[in-house]
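Worksheet: the structure to be examined is printed underneath.
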Amino acid sequence: MSEKSHGGMGAGHDVAVGRIGSNIRCGRRSASLTASSRPARGCRGGDVVIPAGSGIAPHRAHPRGGTLLVLLHRLRGTLDWWDPQFLDHLAAELDVIVVDNVGTGYTAGEPRDSIQGFAEGIIEFLDALGLAHVDLLGWSLGAYVAQDIVELRPELVRTLILAATGPGSVPDMPAPRTEVLRIADKADADEDDLLYLFYPETDTGRAAGRQHLANVSTRLAAGGPGVTQQAALGQIAAIGTYSSAPFDQIQARLQTITQPVLIANGIEDIMIPAVASYTALGHLRNAKLVLYSDAGHGFLFQHAKDFATEVTNFLNN
């Protein structure tokens with residue numbers, strides 16, 4: 001299937017979508033794609049429906065020919081939760097794919113319960129598309145997954161963008177607030193819960209949070225699939241295991257990353273405090289850190305245009 005402005009993207013941005021095992025259209029040709037097959041040659045141009053080894057993949061219908069930027073989501077996030085304004089800003093100059101991992105959102109399959117399992121799912125997706133190199137942007141849980149992809153298949157990743165995250169538990173990192181853990185366990189978090197988790201308790205922060213929720217409300221109201229409690233509990237377990245790694249192991253893993261890395265966070269992040277981002281910076285070979293004041297875990301939507309510009313400049317340079 002092909003449609004205009006899928007996922008709420010603004011007018012003028014054609015995007016195309018596909019699912020694993022579904023028919024895909026590449027120009028005027030059709031094919032069927034599974035995780036072990038490759039798209040028809042030339043699938044990057046024209047009116048394309050790109051299949052996903054692990055989900056639906058919106059992207060620009062008239063790609064610019066550069067490396068694709070793949071976006072990986074947070075805990076309990078699906079494609080419908082990406083803010084369309086943020087996607088529009090990115091898609092103005094970049095080729096962007098968003099994807100749900102195995103067993104979550106629009107993707108079928110048994111949900112996985114480890115960061116490595118999630119990383120392997122995304123690698124299957126990228127291999128199914130026949131992509132030799134990609135740029136990865138992971139938000140929160142998605143950034144853990146992105147780091148694991150680099151560890152498993154370093155030649156696949158050109159550059160790495162880590163948003164509102166860290167490398168795991170680091171020295172001097174405060175323990176999660178009880179309220180954060182309580183909300184993370186909820187299957188039906190409401191608006192107040194989401195505002196608490198992602199935005200600072202200031203007038204500007206809460207206004208930005210309400211705007212983000214308004215931006216995604218159209219897609220959410222369409223009744224797309226969410227993340228089951230089984231899948232969410234698997235994600236929570238994966239985060240717990242990943243975060244419990246000894247710091248010497250974390251250091252060793254960071255030091256193996258040779259790709260350019262952009263790290264960004266909100267200074268008021270109560271989910272993954274900014275100290276984790278700062279610590280990661282000190283152990284990476286080639287990295288840049290951007291921090292936003294009066295912003296939290298959802299800084300990338302609160303400062304959508306500015307952060308998209310940071311991402312675009314980083315990738316172009």
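Ordered as shown in the structure tokens, chains take letters A, B, and onward, while each chain numbers its residues from 1 and ligands are numbered from 1 in the order shown.
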Name the residues in contact with Val102 (chain A) at a cut-off of 8 Å, using only C-alpha atoms, excluding same-chain residues fewer than 4 positions from it; report them as an MDAnalysis selection string.
-> chainID A and resid 54:55 107:112 118 121
Show me a table, sorted first by chain and then by increasing residue number, of the residues of region 191-223 of chain A having an atom at most 8 Å from region 269-276 of chain A, each with its shortest atom pair and the distance in Å to one decimal, counting only C-alpha atoms and written as a tab-separated table.
```
residue	atom	partner	partner_atom	distance
A:Leu197	CA	A:Met271	CA	6.6
A:Phe198	CA	A:Asp269	CA	7.2
A:Tyr199	CA	A:Asp269	CA	7.7
A:Pro200	CA	A:Asp269	CA	7.6
```
Residues just named, written with all heavy atoms as a PDB file, in the first residue's frame:
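Heads up, here's the output in part_39.pdb:
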```
ATOM      1  N   LEU A 197       6.740  11.638  32.736  1.00  0.00           N
ATOM      2  CA  LEU A 197       7.919  10.882  32.323  1.00  0.00           C
ATOM      3  C   LEU A 197       8.798  11.646  31.345  1.00  0.00           C
ATOM      4  O   LEU A 197      10.026  11.559  31.408  1.00  0.00           O
ATOM      5  CB  LEU A 197       7.504   9.558  31.676  1.00  0.00           C
ATOM      6  CG  LEU A 197       6.868   8.497  32.566  1.00  0.00           C
ATOM      7  CD1 LEU A 197       6.540   7.255  31.747  1.00  0.00           C
ATOM      8  CD2 LEU A 197       7.782   8.133  33.741  1.00  0.00           C
ATOM      9  N   PHE A 198       8.179  12.396  30.426  1.00  0.00           N
ATOM     10  CA  PHE A 198       8.922  12.898  29.274  1.00  0.00           C
ATOM     11  C   PHE A 198       9.215  14.400  29.281  1.00  0.00           C
ATOM     12  O   PHE A 198      10.054  14.860  28.504  1.00  0.00           O
ATOM     13  CB  PHE A 198       8.171  12.560  27.983  1.00  0.00           C
ATOM     14  CG  PHE A 198       8.025  11.074  27.745  1.00  0.00           C
ATOM     15  CD1 PHE A 198       6.847  10.566  27.217  1.00  0.00           C
ATOM     16  CD2 PHE A 198       9.048  10.206  28.049  1.00  0.00           C
ATOM     17  CE1 PHE A 198       6.702   9.205  26.990  1.00  0.00           C
ATOM     18  CE2 PHE A 198       8.914   8.843  27.827  1.00  0.00           C
ATOM     19  CZ  PHE A 198       7.742   8.337  27.302  1.00  0.00           C
ATOM     20  N   TYR A 199       8.540  15.151  30.143  1.00  0.00           N
ATOM     21  CA  TYR A 199       8.683  16.606  30.079  1.00  0.00           C
ATOM     22  C   TYR A 199       8.852  17.185  31.484  1.00  0.00           C
ATOM     23  O   TYR A 199       8.267  16.688  32.446  1.00  0.00           O
ATOM     24  CB  TYR A 199       7.464  17.227  29.385  1.00  0.00           C
ATOM     25  CG  TYR A 199       7.369  16.794  27.941  1.00  0.00           C
ATOM     26  CD1 TYR A 199       6.638  15.665  27.586  1.00  0.00           C
ATOM     27  CD2 TYR A 199       8.060  17.480  26.947  1.00  0.00           C
ATOM     28  CE1 TYR A 199       6.588  15.233  26.266  1.00  0.00           C
ATOM     29  CE2 TYR A 199       8.014  17.060  25.625  1.00  0.00           C
ATOM     30  CZ  TYR A 199       7.281  15.936  25.298  1.00  0.00           C
ATOM     31  OH  TYR A 199       7.249  15.502  23.990  1.00  0.00           O
ATOM     32  N   PRO A 200       9.647  18.251  31.614  1.00  0.00           N
ATOM     33  CA  PRO A 200       9.865  18.852  32.938  1.00  0.00           C
ATOM     34  C   PRO A 200       8.600  19.530  33.459  1.00  0.00           C
ATOM     35  O   PRO A 200       7.722  19.926  32.684  1.00  0.00           O
ATOM     36  CB  PRO A 200      10.987  19.865  32.688  1.00  0.00           C
ATOM     37  CG  PRO A 200      10.905  20.187  31.230  1.00  0.00           C
ATOM     38  CD  PRO A 200      10.418  18.943  30.556  1.00  0.00           C
TER      39      PRO A 200
END
```
Nearby residues (only C-alpha atoms) at most 8 Å from Gln302 (chain A), same-chain spacing under 5 positions excluded, as a list in words |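 After dropping sequence-adjacent residues, the list is Gly205, Ala208, Gly209, His212 and Ala295 of chain A.
Shell of Gly240 (chain A) at 10 Å, with only C-alpha atoms counted and residues fewer than 4 places along the chain excluded, is Ser114, Ile115, Gly168, Ser169, Gly234, Gln235, Ile236, Ser244 and Ala245 of chain A.
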Any chance you can output those residues with N, CA, C and O atoms as an mmCIF file, in the first residue's frame?
```cif
data_model
loop_
_atom_site.group_PDB
_atom_site.id
_atom_site.type_symbol
_atom_site.label_atom_id
_atom_site.label_comp_id
_atom_site.auth_asym_id
_atom_site.auth_seq_id
_atom_site.Cartn_x
_atom_site.Cartn_y
_atom_site.Cartn_z
ATOM 1 N N SER A 114 15.254 -9.314 25.241
ATOM 2 C CA SER A 114 16.638 -8.930 25.491
ATOM 3 C C SER A 114 17.037 -7.869 24.484
ATOM 4 O O SER A 114 16.507 -7.824 23.368
ATOM 5 N N ILE A 115 17.979 -7.020 24.868
ATOM 6 C CA ILE A 115 18.463 -6.002 23.943
ATOM 7 C C ILE A 115 19.095 -6.664 22.721
ATOM 8 O O ILE A 115 18.899 -6.214 21.591
ATOM 9 N N GLY A 168 24.103 2.320 29.869
ATOM 10 C CA GLY A 168 23.724 1.425 30.950
ATOM 11 C C GLY A 168 23.883 2.188 32.259
ATOM 12 O O GLY A 168 23.912 3.420 32.282
ATOM 13 N N SER A 169 24.007 1.471 33.351
ATOM 14 C CA SER A 169 24.181 2.127 34.647
ATOM 15 C C SER A 169 25.616 2.635 34.774
ATOM 16 O O SER A 169 26.574 1.906 34.513
ATOM 17 N N GLY A 234 8.674 -7.715 28.495
ATOM 18 C CA GLY A 234 9.922 -8.179 27.912
ATOM 19 C C GLY A 234 10.901 -7.034 27.710
ATOM 20 O O GLY A 234 12.103 -7.169 27.952
ATOM 21 N N GLN A 235 10.378 -5.877 27.287
ATOM 22 C CA GLN A 235 11.234 -4.704 27.121
ATOM 23 C C GLN A 235 11.795 -4.245 28.469
ATOM 24 O O GLN A 235 12.973 -3.889 28.576
ATOM 25 N N ILE A 236 10.938 -4.230 29.484
ATOM 26 C CA ILE A 236 11.377 -3.808 30.812
ATOM 27 C C ILE A 236 12.446 -4.749 31.345
ATOM 28 O O ILE A 236 13.467 -4.318 31.920
ATOM 29 N N SER A 244 22.200 -3.558 34.269
ATOM 30 C CA SER A 244 22.901 -4.165 35.405
ATOM 31 C C SER A 244 24.316 -4.607 35.058
ATOM 32 O O SER A 244 25.024 -5.136 35.915
ATOM 33 N N ALA A 245 24.752 -4.388 33.833
ATOM 34 C CA ALA A 245 26.105 -4.778 33.445
ATOM 35 C C ALA A 245 27.134 -3.996 34.250
ATOM 36 O O ALA A 245 26.961 -2.793 34.499
#
```
What are the DSSP helix (DSSP H, G or I) residues of region 137-204 of chain A, as a ChimeraX atom specification?
-> /A:141-152,154-156,178-185,191-198,203-204
Any chance you could list, as JSON, numbers by chain, the residues in region 117-246 of chain A that come up strand (DSSP E or B) when DSSP is run on the backbone?
-> {"A": [134, 135, 136, 137, 138, 139, 157, 158, 159, 160, 161, 162, 163]}
Selection above as a file: all heavy atoms, as a compact mmCIF listing (two decimals), in the first residue's frame:
```
# COMPACT_ATOMS: atom_id res chain seq x y z
N VAL A 134 23.80 1.95 7.17
CA VAL A 134 22.71 2.81 7.62
C VAL A 134 23.23 3.74 8.69
O VAL A 134 24.28 3.50 9.31
CB VAL A 134 21.51 2.01 8.18
CG1 VAL A 134 20.88 1.12 7.12
CG2 VAL A 134 21.93 1.19 9.40
N ASP A 135 22.51 4.82 8.92
CA ASP A 135 22.67 5.64 10.11
C ASP A 135 21.57 5.24 11.08
O ASP A 135 20.41 5.04 10.67
CB ASP A 135 22.55 7.12 9.77
CG ASP A 135 23.63 7.58 8.79
OD1 ASP A 135 24.80 7.20 8.97
OD2 ASP A 135 23.29 8.31 7.83
N LEU A 136 21.90 5.13 12.35
CA LEU A 136 20.91 4.73 13.36
C LEU A 136 20.65 5.86 14.33
O LEU A 136 21.59 6.49 14.83
CB LEU A 136 21.41 3.52 14.15
CG LEU A 136 21.51 2.17 13.44
CD1 LEU A 136 22.05 1.12 14.42
CD2 LEU A 136 20.17 1.74 12.89
N LEU A 137 19.36 6.13 14.58
CA LEU A 137 18.95 7.05 15.63
C LEU A 137 18.07 6.28 16.60
O LEU A 137 16.96 5.87 16.26
CB LEU A 137 18.19 8.25 15.07
CG LEU A 137 17.89 9.41 16.04
CD1 LEU A 137 17.56 10.69 15.28
CD2 LEU A 137 16.73 9.10 17.01
N GLY A 138 18.58 6.04 17.80
CA GLY A 138 17.82 5.34 18.81
C GLY A 138 17.39 6.29 19.92
O GLY A 138 18.20 7.10 20.39
N TRP A 139 16.13 6.19 20.28
CA TRP A 139 15.61 7.00 21.39
C TRP A 139 15.36 6.08 22.58
O TRP A 139 14.61 5.11 22.48
CB TRP A 139 14.30 7.69 20.96
CG TRP A 139 13.61 8.45 22.05
CD1 TRP A 139 14.20 9.07 23.12
CD2 TRP A 139 12.21 8.66 22.22
NE1 TRP A 139 13.25 9.67 23.91
CE2 TRP A 139 12.01 9.43 23.38
CE3 TRP A 139 11.09 8.27 21.47
CZ2 TRP A 139 10.75 9.80 23.84
CZ3 TRP A 139 9.83 8.65 21.92
CH2 TRP A 139 9.67 9.41 23.08
N VAL A 157 26.75 -0.09 10.35
CA VAL A 157 26.37 1.22 10.88
C VAL A 157 27.43 2.26 10.51
O VAL A 157 28.61 2.11 10.85
CB VAL A 157 26.20 1.18 12.40
CG1 VAL A 157 25.77 2.55 12.93
CG2 VAL A 157 25.18 0.11 12.79
N ARG A 158 26.99 3.31 9.81
CA ARG A 158 27.90 4.39 9.44
C ARG A 158 28.06 5.39 10.58
O ARG A 158 29.17 5.75 10.95
CB ARG A 158 27.36 5.11 8.19
CG ARG A 158 28.31 6.14 7.59
CD ARG A 158 27.69 6.84 6.42
NE ARG A 158 26.62 7.76 6.82
CZ ARG A 158 26.61 9.06 6.55
NH1 ARG A 158 27.59 9.61 5.86
NH2 ARG A 158 25.61 9.81 6.95
N THR A 159 26.96 5.87 11.13
CA THR A 159 26.98 6.79 12.25
C THR A 159 25.88 6.42 13.24
O THR A 159 24.91 5.75 12.89
CB THR A 159 26.77 8.25 11.81
OG1 THR A 159 25.53 8.35 11.12
CG2 THR A 159 27.88 8.73 10.90
N LEU A 160 26.03 6.90 14.47
CA LEU A 160 25.15 6.51 15.55
C LEU A 160 24.66 7.76 16.27
O LEU A 160 25.45 8.63 16.62
CB LEU A 160 25.93 5.61 16.52
CG LEU A 160 25.20 4.89 17.63
CD1 LEU A 160 24.16 3.93 17.06
CD2 LEU A 160 26.22 4.10 18.48
N ILE A 161 23.34 7.84 16.47
CA ILE A 161 22.75 8.97 17.20
C ILE A 161 21.98 8.39 18.38
O ILE A 161 21.06 7.57 18.20
CB ILE A 161 21.82 9.80 16.30
CG1 ILE A 161 22.62 10.34 15.10
CG2 ILE A 161 21.19 10.94 17.08
CD1 ILE A 161 21.77 10.82 13.97
N LEU A 162 22.35 8.81 19.58
CA LEU A 162 21.78 8.27 20.81
C LEU A 162 21.02 9.38 21.52
O LEU A 162 21.61 10.36 21.98
CB LEU A 162 22.89 7.73 21.71
CG LEU A 162 23.83 6.71 21.05
CD1 LEU A 162 24.94 6.31 22.03
CD2 LEU A 162 23.06 5.48 20.59
N ALA A 163 19.71 9.24 21.62
CA ALA A 163 18.84 10.28 22.18
C ALA A 163 18.25 9.81 23.50
O ALA A 163 17.66 8.73 23.58
CB ALA A 163 17.73 10.63 21.20
```
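Of the residues under consideration (A:Leu300, A:Val70, A:Leu129, A:Ile183), A:Val70 shows the shortest atom-to-atom contact distance to Ile149 (chain A) when counting only C-alpha atoms.
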Please indicate the distance in Å from CA of Ile97 (chain A) to CA of Lys288 (chain A), rounded to one decimal place.
->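 Answer for the CA of Ile97 (chain A) to CA of Lys288 (chain A) separation: 23.3 Å.
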Residue nearest Gly226 (chain A) among A:Thr67, A:Asn101, A:Gln85, A:Gln251 (counting only C-alpha atoms) |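 The answer is A:Asn101, which sits nearest to Gly226 (chain A).
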Find the residue from A:Ser243, A:Thr309, A:Ser293, A:Thr256 that sits nearest to Thr204 (chain A); use only C-alpha atoms when measuring.
->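 Among the listed residues, A:Ser293 lies closest to Thr204 (chain A).
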CA of Gly224 (chain A) to CA of Pro84 (chain A): how many Å, to one decimal?
->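 Distance between the two atoms: 15.5 Å.
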